[in-house]
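Raw contents of work-v1.cif, mmCIF, C-alpha atoms and all ligand atoms:
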```cif
data_work
loop_
_atom_site.group_PDB
_atom_site.id
_atom_site.type_symbol
_atom_site.label_atom_id
_atom_site.label_comp_id
_atom_site.auth_asym_id
_atom_site.auth_seq_id
_atom_site.Cartn_x
_atom_site.Cartn_y
_atom_site.Cartn_z
ATOM 1 C CA MET A 1385 170.581 128.950 66.695
ATOM 2 C CA ARG A 1386 169.075 125.479 66.358
ATOM 3 C CA TYR A 1387 165.394 125.063 65.514
ATOM 4 C CA ASP A 1388 163.204 121.984 65.525
ATOM 5 C CA ILE A 1389 160.130 121.473 63.370
ATOM 6 C CA ARG A 1390 157.273 119.914 65.338
ATOM 7 C CA PRO A 1391 153.532 119.398 64.899
ATOM 8 C CA LEU A 1392 151.414 122.438 65.712
ATOM 9 C CA THR A 1393 148.404 121.536 67.849
ATOM 10 C CA ILE A 1394 145.607 123.205 69.747
ATOM 11 C CA SER A 1395 147.917 123.297 72.827
ATOM 12 C CA GLN A 1396 149.792 126.125 71.086
ATOM 13 C CA LEU A 1397 146.641 128.092 70.189
ATOM 14 C CA ASP A 1398 147.491 131.297 72.076
ATOM 15 C CA GLU A 1399 151.197 131.256 71.257
ATOM 16 C CA CYS A 1400 150.437 130.755 67.558
ATOM 17 C CA TRP A 1401 147.729 133.412 67.478
ATOM 18 C CA ARG A 1402 150.076 135.949 69.117
ATOM 19 C CA LEU A 1403 152.911 135.125 66.739
ATOM 20 C CA ASP A 1404 150.553 135.456 63.758
ATOM 21 C CA GLN A 1405 149.686 138.988 64.887
ATOM 22 C CA ARG A 1406 153.393 139.862 64.865
ATOM 23 C CA CYS A 1407 153.849 138.364 61.387
ATOM 24 C CA PHE A 1408 150.793 139.906 59.711
ATOM 25 C CA ILE A 1409 150.784 143.571 60.586
ATOM 26 C CA ASP A 1410 148.603 144.611 57.637
ATOM 27 C CA GLY A 1411 145.268 143.739 59.259
ATOM 28 C CA GLU A 1412 145.233 140.256 57.712
ATOM 29 C CA ALA A 1413 146.079 138.354 60.911
ATOM 30 C CA TYR A 1414 143.654 135.533 61.719
ATOM 31 C CA SER A 1415 141.323 135.752 64.692
ATOM 32 C CA ARG A 1416 141.770 133.417 67.652
ATOM 33 C CA GLU A 1417 138.547 131.656 66.574
ATOM 34 C CA THR A 1418 139.991 130.982 63.124
ATOM 35 C CA PHE A 1419 143.102 129.418 64.667
ATOM 36 C CA ASP A 1420 140.894 127.418 67.024
ATOM 37 C CA TYR A 1421 139.094 126.010 63.974
ATOM 38 C CA LEU A 1422 142.266 125.431 61.947
ATOM 39 C CA LEU A 1423 144.152 123.672 64.742
ATOM 40 C CA THR A 1424 141.303 121.268 65.519
ATOM 41 C CA ALA A 1425 140.125 120.487 61.973
ATOM 42 C CA PRO A 1426 140.802 116.825 61.051
ATOM 43 C CA GLU A 1427 141.873 117.960 57.574
ATOM 44 C CA ALA A 1428 144.564 120.290 58.979
ATOM 45 C CA VAL A 1429 148.295 119.642 58.500
ATOM 46 C CA SER A 1430 150.184 122.103 60.712
ATOM 47 C CA TYR A 1431 153.725 122.540 61.981
ATOM 48 C CA ARG A 1432 155.733 124.965 64.082
ATOM 49 C CA ALA A 1433 159.396 125.854 64.309
ATOM 50 C CA VAL A 1434 160.682 126.052 67.877
ATOM 51 C CA THR A 1435 163.916 127.403 69.347
ATOM 52 C CA SER A 1436 166.027 125.286 71.673
ATOM 53 C CA GLY A 1437 164.352 127.262 74.476
ATOM 54 C CA GLY A 1438 160.936 126.017 73.334
ATOM 55 C CA VAL A 1439 159.724 129.347 71.893
ATOM 56 C CA MET A 1440 157.660 129.268 68.699
ATOM 57 C CA ALA A 1441 159.584 131.042 65.922
ATOM 58 C CA GLY A 1442 157.325 130.150 62.993
ATOM 59 C CA PHE A 1443 154.293 128.179 61.896
ATOM 60 C CA VAL A 1444 152.527 126.823 58.844
ATOM 61 C CA VAL A 1445 148.918 125.709 58.532
ATOM 62 C CA GLY A 1446 147.677 123.601 55.631
ATOM 63 C CA LEU A 1447 144.310 122.032 54.906
ATOM 64 C CA VAL A 1448 143.479 119.038 52.750
ATOM 65 C CA GLU A 1449 140.548 120.379 50.757
ATOM 66 C CA PRO A 1450 137.519 118.262 49.738
ATOM 67 C CA ASP A 1451 138.931 118.028 46.182
ATOM 68 C CA HIS A 1452 142.143 116.560 47.714
ATOM 69 C CA THR A 1453 144.314 119.532 46.882
ATOM 70 C CA GLY A 1454 146.552 120.781 49.657
ATOM 71 C CA HIS A 1455 145.892 124.393 50.636
ATOM 72 C CA VAL A 1456 148.565 126.331 52.524
ATOM 73 C CA THR A 1457 146.392 128.775 54.427
ATOM 74 C CA THR A 1458 149.079 130.634 56.363
ATOM 75 C CA VAL A 1459 152.817 130.630 57.021
ATOM 76 C CA GLY A 1460 154.682 133.076 59.217
ATOM 77 C CA VAL A 1461 158.077 133.480 60.848
ATOM 78 C CA ALA A 1462 158.828 135.911 63.696
ATOM 79 C CA PRO A 1463 160.725 138.970 62.404
ATOM 80 C CA GLU A 1464 163.771 138.189 64.569
ATOM 81 C CA HIS A 1465 164.043 134.642 63.161
ATOM 82 C CA ARG A 1466 163.692 135.408 59.447
ATOM 83 C CA ARG A 1467 166.126 134.456 56.636
ATOM 84 C CA ARG A 1468 167.227 131.313 58.471
ATOM 85 C CA ASN A 1469 165.352 128.922 56.187
ATOM 86 C CA LEU A 1470 162.545 128.369 58.680
ATOM 87 C CA ALA A 1471 159.750 129.079 56.195
ATOM 88 C CA LYS A 1472 161.482 126.805 53.706
ATOM 89 C CA ARG A 1473 161.678 123.992 56.277
ATOM 90 C CA LEU A 1474 158.068 124.524 57.376
ATOM 91 C CA MET A 1475 156.848 124.434 53.770
ATOM 92 C CA ALA A 1476 158.833 121.234 53.097
ATOM 93 C CA GLN A 1477 157.236 119.664 56.167
ATOM 94 C CA VAL A 1478 153.684 120.653 55.225
ATOM 95 C CA GLU A 1479 154.258 119.287 51.712
ATOM 96 C CA GLU A 1480 155.450 116.018 53.271
ATOM 97 C CA GLY A 1481 152.309 115.962 55.452
ATOM 98 C CA PHE A 1482 150.187 116.519 52.337
ATOM 99 C CA ARG A 1483 152.000 113.723 50.469
ATOM 100 C CA LYS A 1484 151.196 111.306 53.284
ATOM 101 C CA ARG A 1485 147.543 112.214 52.777
ATOM 102 C CA HIS A 1486 147.800 111.495 49.043
ATOM 103 C CA VAL A 1487 147.754 115.142 47.968
ATOM 104 C CA ARG A 1488 149.268 115.677 44.508
ATOM 105 C CA LEU A 1489 148.653 119.416 44.019
ATOM 106 C CA VAL A 1490 149.293 122.259 46.478
ATOM 107 C CA ARG A 1491 147.770 125.714 46.167
ATOM 108 C CA LEU A 1492 148.187 128.969 48.033
ATOM 109 C CA GLU A 1493 147.265 132.611 47.690
ATOM 110 C CA VAL A 1494 149.721 135.433 48.236
ATOM 111 C CA ARG A 1495 149.385 139.206 48.145
ATOM 112 C CA ALA A 1496 150.464 140.630 44.817
ATOM 113 C CA LEU A 1497 152.639 143.101 46.778
ATOM 114 C CA ASN A 1498 154.239 140.466 49.030
ATOM 115 C CA THR A 1499 157.494 139.979 47.134
ATOM 116 C CA PRO A 1500 159.373 138.154 49.952
ATOM 117 C CA ALA A 1501 156.704 135.447 50.145
ATOM 118 C CA GLN A 1502 156.528 135.123 46.348
ATOM 119 C CA LYS A 1503 160.326 134.676 46.234
ATOM 120 C CA LEU A 1504 160.045 131.998 48.902
ATOM 121 C CA TYR A 1505 157.347 130.078 47.023
ATOM 122 C CA GLU A 1506 159.102 130.419 43.668
ATOM 123 C CA SER A 1507 162.291 129.045 45.228
ATOM 124 C CA LEU A 1508 160.244 126.021 46.308
ATOM 125 C CA GLY A 1509 158.815 125.367 42.843
ATOM 126 C CA TYR A 1510 155.455 127.172 43.036
ATOM 127 C CA SER A 1511 154.224 129.011 39.930
ATOM 128 C CA ILE A 1512 151.791 131.908 39.621
ATOM 129 C CA THR A 1513 148.773 130.714 37.651
ATOM 130 C CA GLN A 1514 146.165 133.423 38.189
ATOM 131 C CA ARG A 1515 145.679 136.952 39.492
ATOM 132 C CA LEU A 1516 142.828 137.278 42.015
ATOM 133 C CA PRO A 1517 141.505 140.864 41.884
ATOM 134 C CA LYS A 1518 140.563 142.315 45.307
ATOM 135 C CA TYR A 1519 141.113 138.933 46.956
ATOM 136 C CA TYR A 1520 141.978 140.551 50.295
ATOM 137 C CA SER A 1521 139.468 142.314 52.519
ATOM 138 C CA ASN A 1522 141.303 145.651 52.225
ATOM 139 C CA GLY A 1523 141.042 145.444 48.429
ATOM 140 C CA GLY A 1524 144.550 144.160 47.641
ATOM 141 C CA ASP A 1525 144.953 141.726 44.756
ATOM 142 C CA GLY A 1526 146.091 138.162 45.331
ATOM 143 C CA LEU A 1527 148.047 135.694 43.218
ATOM 144 C CA LEU A 1528 147.187 132.008 43.037
ATOM 145 C CA MET A 1529 150.287 129.792 43.121
ATOM 146 C CA LEU A 1530 150.388 126.050 42.430
ATOM 147 C CA LYS A 1531 152.891 123.242 42.827
ATOM 148 C CA SER A 1532 152.591 119.589 41.811
ATOM 149 C CA LEU A 1533 154.036 117.132 44.311
ATOM 150 C CA ASP A 1534 156.062 114.215 42.867
HETATM 151 C C1 LIG A 1601 157.575 135.252 54.047
HETATM 152 C C2 LIG A 1601 158.186 134.670 55.333
HETATM 153 C C3 LIG A 1601 157.274 133.534 55.846
HETATM 154 C C4 LIG A 1601 159.569 134.087 54.989
HETATM 155 O O1 LIG A 1601 160.096 133.449 56.164
HETATM 156 P P1 LIG A 1601 161.663 133.156 56.347
HETATM 157 O O2 LIG A 1601 161.814 132.088 57.377
HETATM 158 O O3 LIG A 1601 162.385 134.424 56.552
HETATM 159 O O4 LIG A 1601 162.048 132.576 54.912
HETATM 160 P P2 LIG A 1601 163.311 131.629 54.590
HETATM 161 O O5 LIG A 1601 164.481 132.018 55.416
HETATM 162 O O6 LIG A 1601 162.893 130.205 54.626
HETATM 163 O O7 LIG A 1601 163.589 132.083 53.078
HETATM 164 C C5 LIG A 1601 163.757 131.149 52.038
HETATM 165 C C6 LIG A 1601 163.935 131.902 50.724
HETATM 166 O O8 LIG A 1601 162.777 132.702 50.444
HETATM 167 C C7 LIG A 1601 163.171 133.960 49.849
HETATM 168 N N1 LIG A 1601 162.912 135.071 50.781
HETATM 169 C C8 LIG A 1601 162.471 134.982 52.061
HETATM 170 N N2 LIG A 1601 162.334 136.228 52.592
HETATM 171 C C9 LIG A 1601 162.711 137.098 51.629
HETATM 172 C C10 LIG A 1601 162.807 138.508 51.572
HETATM 173 N N3 LIG A 1601 162.478 139.282 52.630
HETATM 174 N N4 LIG A 1601 163.215 139.077 50.412
HETATM 175 C C11 LIG A 1601 163.546 138.323 49.341
HETATM 176 N N5 LIG A 1601 163.493 136.961 49.336
HETATM 177 C C12 LIG A 1601 163.082 136.366 50.460
HETATM 178 C C13 LIG A 1601 164.658 133.828 49.592
HETATM 179 O O9 LIG A 1601 164.828 133.191 48.341
HETATM 180 C C14 LIG A 1601 165.081 132.897 50.725
HETATM 181 O O10 LIG A 1601 166.277 132.236 50.492
HETATM 182 P P3 LIG A 1601 167.680 132.986 50.904
HETATM 183 O O11 LIG A 1601 167.530 133.485 52.326
HETATM 184 O O12 LIG A 1601 168.698 131.879 50.776
HETATM 185 O O13 LIG A 1601 167.841 134.106 49.928
HETATM 186 C C15 LIG A 1601 158.385 135.754 56.430
HETATM 187 O O14 LIG A 1601 159.035 136.880 55.850
HETATM 188 C C16 LIG A 1601 157.080 136.234 57.058
HETATM 189 O O15 LIG A 1601 156.601 135.660 58.056
HETATM 190 N N6 LIG A 1601 156.476 137.303 56.481
HETATM 191 C C17 LIG A 1601 155.216 137.864 57.012
HETATM 192 C C18 LIG A 1601 154.072 136.910 56.830
HETATM 193 C C19 LIG A 1601 153.879 136.545 55.369
HETATM 194 O O16 LIG A 1601 153.959 137.372 54.472
HETATM 195 N N7 LIG A 1601 153.593 135.253 55.137
HETATM 196 C C20 LIG A 1601 153.301 134.727 53.818
HETATM 197 C C21 LIG A 1601 151.888 135.022 53.476
HETATM 198 S S1 LIG A 1601 151.401 134.375 51.922
#
```
What do you get writing this file as structure tokens?
Amino acid sequence: MRYDIRPLTISQLDECWRLDQRCFIDGEAYSRETFDYLLTAPEAVSYRAVTSGGVMAGFVVGLVEPDHTGHVTTVGVAPEHRRRNLAKRLMAQVEEGFRKRHVRLVRLEVRALNTPAQKLYESLGYSITQRLPKYYSNGGDGLLMLKSLD
């Protein structure tokens, strides 16, 4: 199947929110209000992967923080579209968006137990720099990962 990477905007609010709920089944899905904020924030850098039929298969949301680091706040791919390099392509696109905004360092947090996501980030050049005890609301630890952009 062919997928295109396109900007993610407020027009896709409901589709993105619903897809996020299918991706994050551990109670860590964002609320609709959070997506409303993220998709309208001027500092947001967001993309979606779409099928040839126009259905959203994945998304990534990044924010340029006040200290000019890029923060990947969420990335998700629908279960039926996984392992087709969509997350990899979405991450490459958000990094490119960050570069255009003069970001030199990207950070993200990932659950200590989320091995698939850690493998993804490691394959893209991110390194674990810190453990974040009880970072998640249900008490799970997080890991801080960083990558310098060339
Ligand atoms: C993590 C997630 C975004 C990966 O999406 P994806 O489109 O399937 O990932 P890709 O196909 O781009 O994978 C790229 C590489 O990441 C690694 N990877 C991805 N999923 C993996 C898995 N389940 N197990 C091991 N490695 C994995 C592999 O190295 C993979 O390369 P390969 O397929 O050639 O081996 C997806 O599983 C997801 O949405 N999970 C639920 C939400 C989530 O955890 N998001 C991240 C929160 S921090």
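Within 7 Å of the file-frame point (157.4, 128.5, 63.5), and using all atoms listed in the file, the polymer residues found are Arg1432, Ala1433, Val1434, Met1440, Ala1441, Gly1442, Phe1443, Val1444, Gly1460 and Val1461 of chain A.
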Could you save the residues just selected, with C-alpha atoms, as a compact mmCIF listing (two decimals), keeping the file's coordinate frame?
```txt
# COMPACT_ATOMS: atom_id res chain seq x y z
CA ARG A 1432 155.73 124.96 64.08
CA ALA A 1433 159.40 125.85 64.31
CA VAL A 1434 160.68 126.05 67.88
CA MET A 1440 157.66 129.27 68.70
CA ALA A 1441 159.58 131.04 65.92
CA GLY A 1442 157.32 130.15 62.99
CA PHE A 1443 154.29 128.18 61.90
CA VAL A 1444 152.53 126.82 58.84
CA GLY A 1460 154.68 133.08 59.22
CA VAL A 1461 158.08 133.48 60.85
```
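Counting from atom CA of A:Ala1471, the distance to atom O5 of ligand LIG 1601 (chain A) is 5.6 Å.
Ranking A:Leu1516, A:Ile1409, A:Val1448, A:Val1459 by their shortest atom-to-atom distance to A:Arg1473, with all atoms listed in the file included, puts A:Val1459 first.
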Worksheet entry | Selected residue, from A:Leu1474, A:Val1490, A:Leu1527, A:Ala1496, that lies nearest to A:Arg1390 when counting only C-alpha atoms | A:Leu1474
Discussion item. As a list in words, please: the residues near A:Pro1517 (cut-off 12 Å, all atoms listed in the file, same-chain neighbours under 4 positions excluded).
Written reply: Glu1493, Val1494, Arg1495, Ala1496, Ser1521, Asn1522, Gly1523, Gly1524, Asp1525, Gly1526, Leu1527 and Leu1528 of chain A
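Contacts with ligand LIG 1601 (chain A) are defined as any residue atom within 6 Å of a ligand atom, using all atoms listed in the file; the residues meeting this criterion are Cys1407, Phe1408, Thr1458, Val1459, Gly1460, Val1461, Arg1466, Arg1467, Arg1468, Asn1469, Leu1470, Ala1471, Lys1472, Val1494, Pro1500, Ala1501, Lys1503, Leu1504 and Ser1507 of chain A.
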Fill in: Selection near A:Thr1424, 10 Å with all atoms listed in the file, sequence-local residues under 3 positions removed, as an MDAnalysis selection string
chainID A and resid 1393:1394 1397 1419:1421 1427:1428
Go ahead and dump the residues you just picked, C-alpha atoms, as a JSON list (two decimals), in the coordinates of the input.
```
[["chain", "number", "residue", "atom", "x", "y", "z"],
["A", 1393, "THR", "CA", 148.40, 121.54, 67.85],
["A", 1394, "ILE", "CA", 145.61, 123.20, 69.75],
["A", 1397, "LEU", "CA", 146.64, 128.09, 70.19],
["A", 1419, "PHE", "CA", 143.10, 129.42, 64.67],
["A", 1420, "ASP", "CA", 140.89, 127.42, 67.02],
["A", 1421, "TYR", "CA", 139.09, 126.01, 63.97],
["A", 1427, "GLU", "CA", 141.87, 117.96, 57.57],
["A", 1428, "ALA", "CA", 144.56, 120.29, 58.98]]
```
Worksheet item: To one decimal place, how far is atom CA of A:Trp1401 from atom CA of A:Thr1418 in Å?
Response: 9.2 Å
Fill in: Protein/DNA/RNA residues near (156.6, 122.2, 52.7), cut 10 Å, all atoms listed in the file, as a PyMOL selection string
chain A and resi 1431+1444+1446+1456+1471-1483+1490+1505+1508
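Pairwise distance (atom CA of A:Tyr1387, atom CA of A:Ala1462) equals 12.8 Å.
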So for stretch 1479-1494 of chain A, what box centre and size do we get, axis-aligned, 4 Å extra on each of the six sides, every listed atom, Å to one decimal, as lines of an AutoDock Vina configuration file?
```
center_x = 151.4
center_y = 123.4
center_z = 49.7
size_x = 16.2
size_y = 32.1
size_z = 19.4
```
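The nearest approach to A:Thr1435 among the residues A:Glu1506, A:Glu1464, A:Asp1534, A:Asp1410, with all atoms listed in the file taken into account, belongs to A:Glu1464.
Nearest residue to A:Pro1426, choosing from A:Lys1531, A:Asp1398, A:Arg1485, A:Gly1438 and counting all atoms listed in the file: A:Arg1485.
Remark: for A:Tyr1520, the closest of the candidate residues A:Cys1400, A:His1452, A:Glu1412, A:Leu1392 is A:Glu1412 (distances computed over all atoms listed in the file).
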Worksheet item: Of the candidates A:Val1487, A:Gly1411, A:Asp1451, A:Arg1386, which one gets nearest to A:Gly1437 if we count only C-alpha atoms?
Response: A:Arg1386
Missing atoms in stretch 1432-1447 of chain A should be modelled up to N, CA, C and O atoms and reported as a PDB file, keeping the file's coordinate frame.
```pdb
ATOM      1  N   ARG A1432     155.129 123.766  63.499  1.00  0.00           N
ATOM      2  CA  ARG A1432     155.733 124.965  64.082  1.00  0.00           C
ATOM      3  C   ARG A1432     157.241 124.770  64.123  1.00  0.00           C
ATOM      4  O   ARG A1432     157.724 123.621  64.205  1.00  0.00           O
ATOM      5  N   ALA A1433     157.949 125.877  64.091  1.00  0.00           N
ATOM      6  CA  ALA A1433     159.396 125.854  64.309  1.00  0.00           C
ATOM      7  C   ALA A1433     159.612 126.358  65.724  1.00  0.00           C
ATOM      8  O   ALA A1433     159.022 127.363  66.124  1.00  0.00           O
ATOM      9  N   VAL A1434     160.426 125.632  66.496  1.00  0.00           N
ATOM     10  CA  VAL A1434     160.682 126.052  67.877  1.00  0.00           C
ATOM     11  C   VAL A1434     162.178 126.216  68.120  1.00  0.00           C
ATOM     12  O   VAL A1434     162.988 125.452  67.593  1.00  0.00           O
ATOM     13  N   THR A1435     162.516 127.188  68.962  1.00  0.00           N
ATOM     14  CA  THR A1435     163.916 127.403  69.347  1.00  0.00           C
ATOM     15  C   THR A1435     164.294 126.340  70.381  1.00  0.00           C
ATOM     16  O   THR A1435     163.424 125.646  70.922  1.00  0.00           O
ATOM     17  N   SER A1436     165.582 126.260  70.663  1.00  0.00           N
ATOM     18  CA  SER A1436     166.027 125.286  71.673  1.00  0.00           C
ATOM     19  C   SER A1436     165.420 125.614  73.037  1.00  0.00           C
ATOM     20  O   SER A1436     165.283 124.751  73.888  1.00  0.00           O
ATOM     21  N   GLY A1437     165.011 126.875  73.221  1.00  0.00           N
ATOM     22  CA  GLY A1437     164.352 127.262  74.476  1.00  0.00           C
ATOM     23  C   GLY A1437     162.855 126.988  74.468  1.00  0.00           C
ATOM     24  O   GLY A1437     162.155 127.325  75.430  1.00  0.00           O
ATOM     25  N   GLY A1438     162.352 126.397  73.386  1.00  0.00           N
ATOM     26  CA  GLY A1438     160.936 126.017  73.334  1.00  0.00           C
ATOM     27  C   GLY A1438     159.998 127.125  72.864  1.00  0.00           C
ATOM     28  O   GLY A1438     158.778 126.981  72.940  1.00  0.00           O
ATOM     29  N   VAL A1439     160.557 128.227  72.355  1.00  0.00           N
ATOM     30  CA  VAL A1439     159.724 129.347  71.893  1.00  0.00           C
ATOM     31  C   VAL A1439     159.354 129.139  70.421  1.00  0.00           C
ATOM     32  O   VAL A1439     160.199 128.733  69.619  1.00  0.00           O
ATOM     33  N   MET A1440     158.085 129.422  70.083  1.00  0.00           N
ATOM     34  CA  MET A1440     157.660 129.268  68.699  1.00  0.00           C
ATOM     35  C   MET A1440     158.234 130.405  67.843  1.00  0.00           C
ATOM     36  O   MET A1440     158.012 131.580  68.139  1.00  0.00           O
ATOM     37  N   ALA A1441     158.971 130.035  66.798  1.00  0.00           N
ATOM     38  CA  ALA A1441     159.584 131.042  65.922  1.00  0.00           C
ATOM     39  C   ALA A1441     158.852 131.152  64.591  1.00  0.00           C
ATOM     40  O   ALA A1441     159.008 132.130  63.872  1.00  0.00           O
ATOM     41  N   GLY A1442     158.049 130.124  64.261  1.00  0.00           N
ATOM     42  CA  GLY A1442     157.325 130.150  62.993  1.00  0.00           C
ATOM     43  C   GLY A1442     156.270 129.067  62.964  1.00  0.00           C
ATOM     44  O   GLY A1442     156.264 128.167  63.819  1.00  0.00           O
ATOM     45  N   PHE A1443     155.392 129.154  61.993  1.00  0.00           N
ATOM     46  CA  PHE A1443     154.293 128.179  61.896  1.00  0.00           C
ATOM     47  C   PHE A1443     153.820 128.097  60.451  1.00  0.00           C
ATOM     48  O   PHE A1443     154.011 129.035  59.668  1.00  0.00           O
ATOM     49  N   VAL A1444     153.203 126.971  60.136  1.00  0.00           N
ATOM     50  CA  VAL A1444     152.527 126.823  58.844  1.00  0.00           C
ATOM     51  C   VAL A1444     151.255 126.028  59.092  1.00  0.00           C
ATOM     52  O   VAL A1444     151.252 125.097  59.897  1.00  0.00           O
ATOM     53  N   VAL A1445     150.184 126.441  58.433  1.00  0.00           N
ATOM     54  CA  VAL A1445     148.918 125.709  58.532  1.00  0.00           C
ATOM     55  C   VAL A1445     148.462 125.352  57.120  1.00  0.00           C
ATOM     56  O   VAL A1445     148.352 126.226  56.250  1.00  0.00           O
ATOM     57  N   GLY A1446     148.222 124.067  56.904  1.00  0.00           N
ATOM     58  CA  GLY A1446     147.677 123.601  55.631  1.00  0.00           C
ATOM     59  C   GLY A1446     146.387 122.855  55.875  1.00  0.00           C
ATOM     60  O   GLY A1446     146.144 122.361  56.977  1.00  0.00           O
ATOM     61  N   LEU A1447     145.566 122.787  54.831  1.00  0.00           N
ATOM     62  CA  LEU A1447     144.310 122.032  54.906  1.00  0.00           C
ATOM     63  C   LEU A1447     144.220 121.132  53.689  1.00  0.00           C
ATOM     64  O   LEU A1447     144.531 121.573  52.567  1.00  0.00           O
TER      65      LEU A1447
END
```
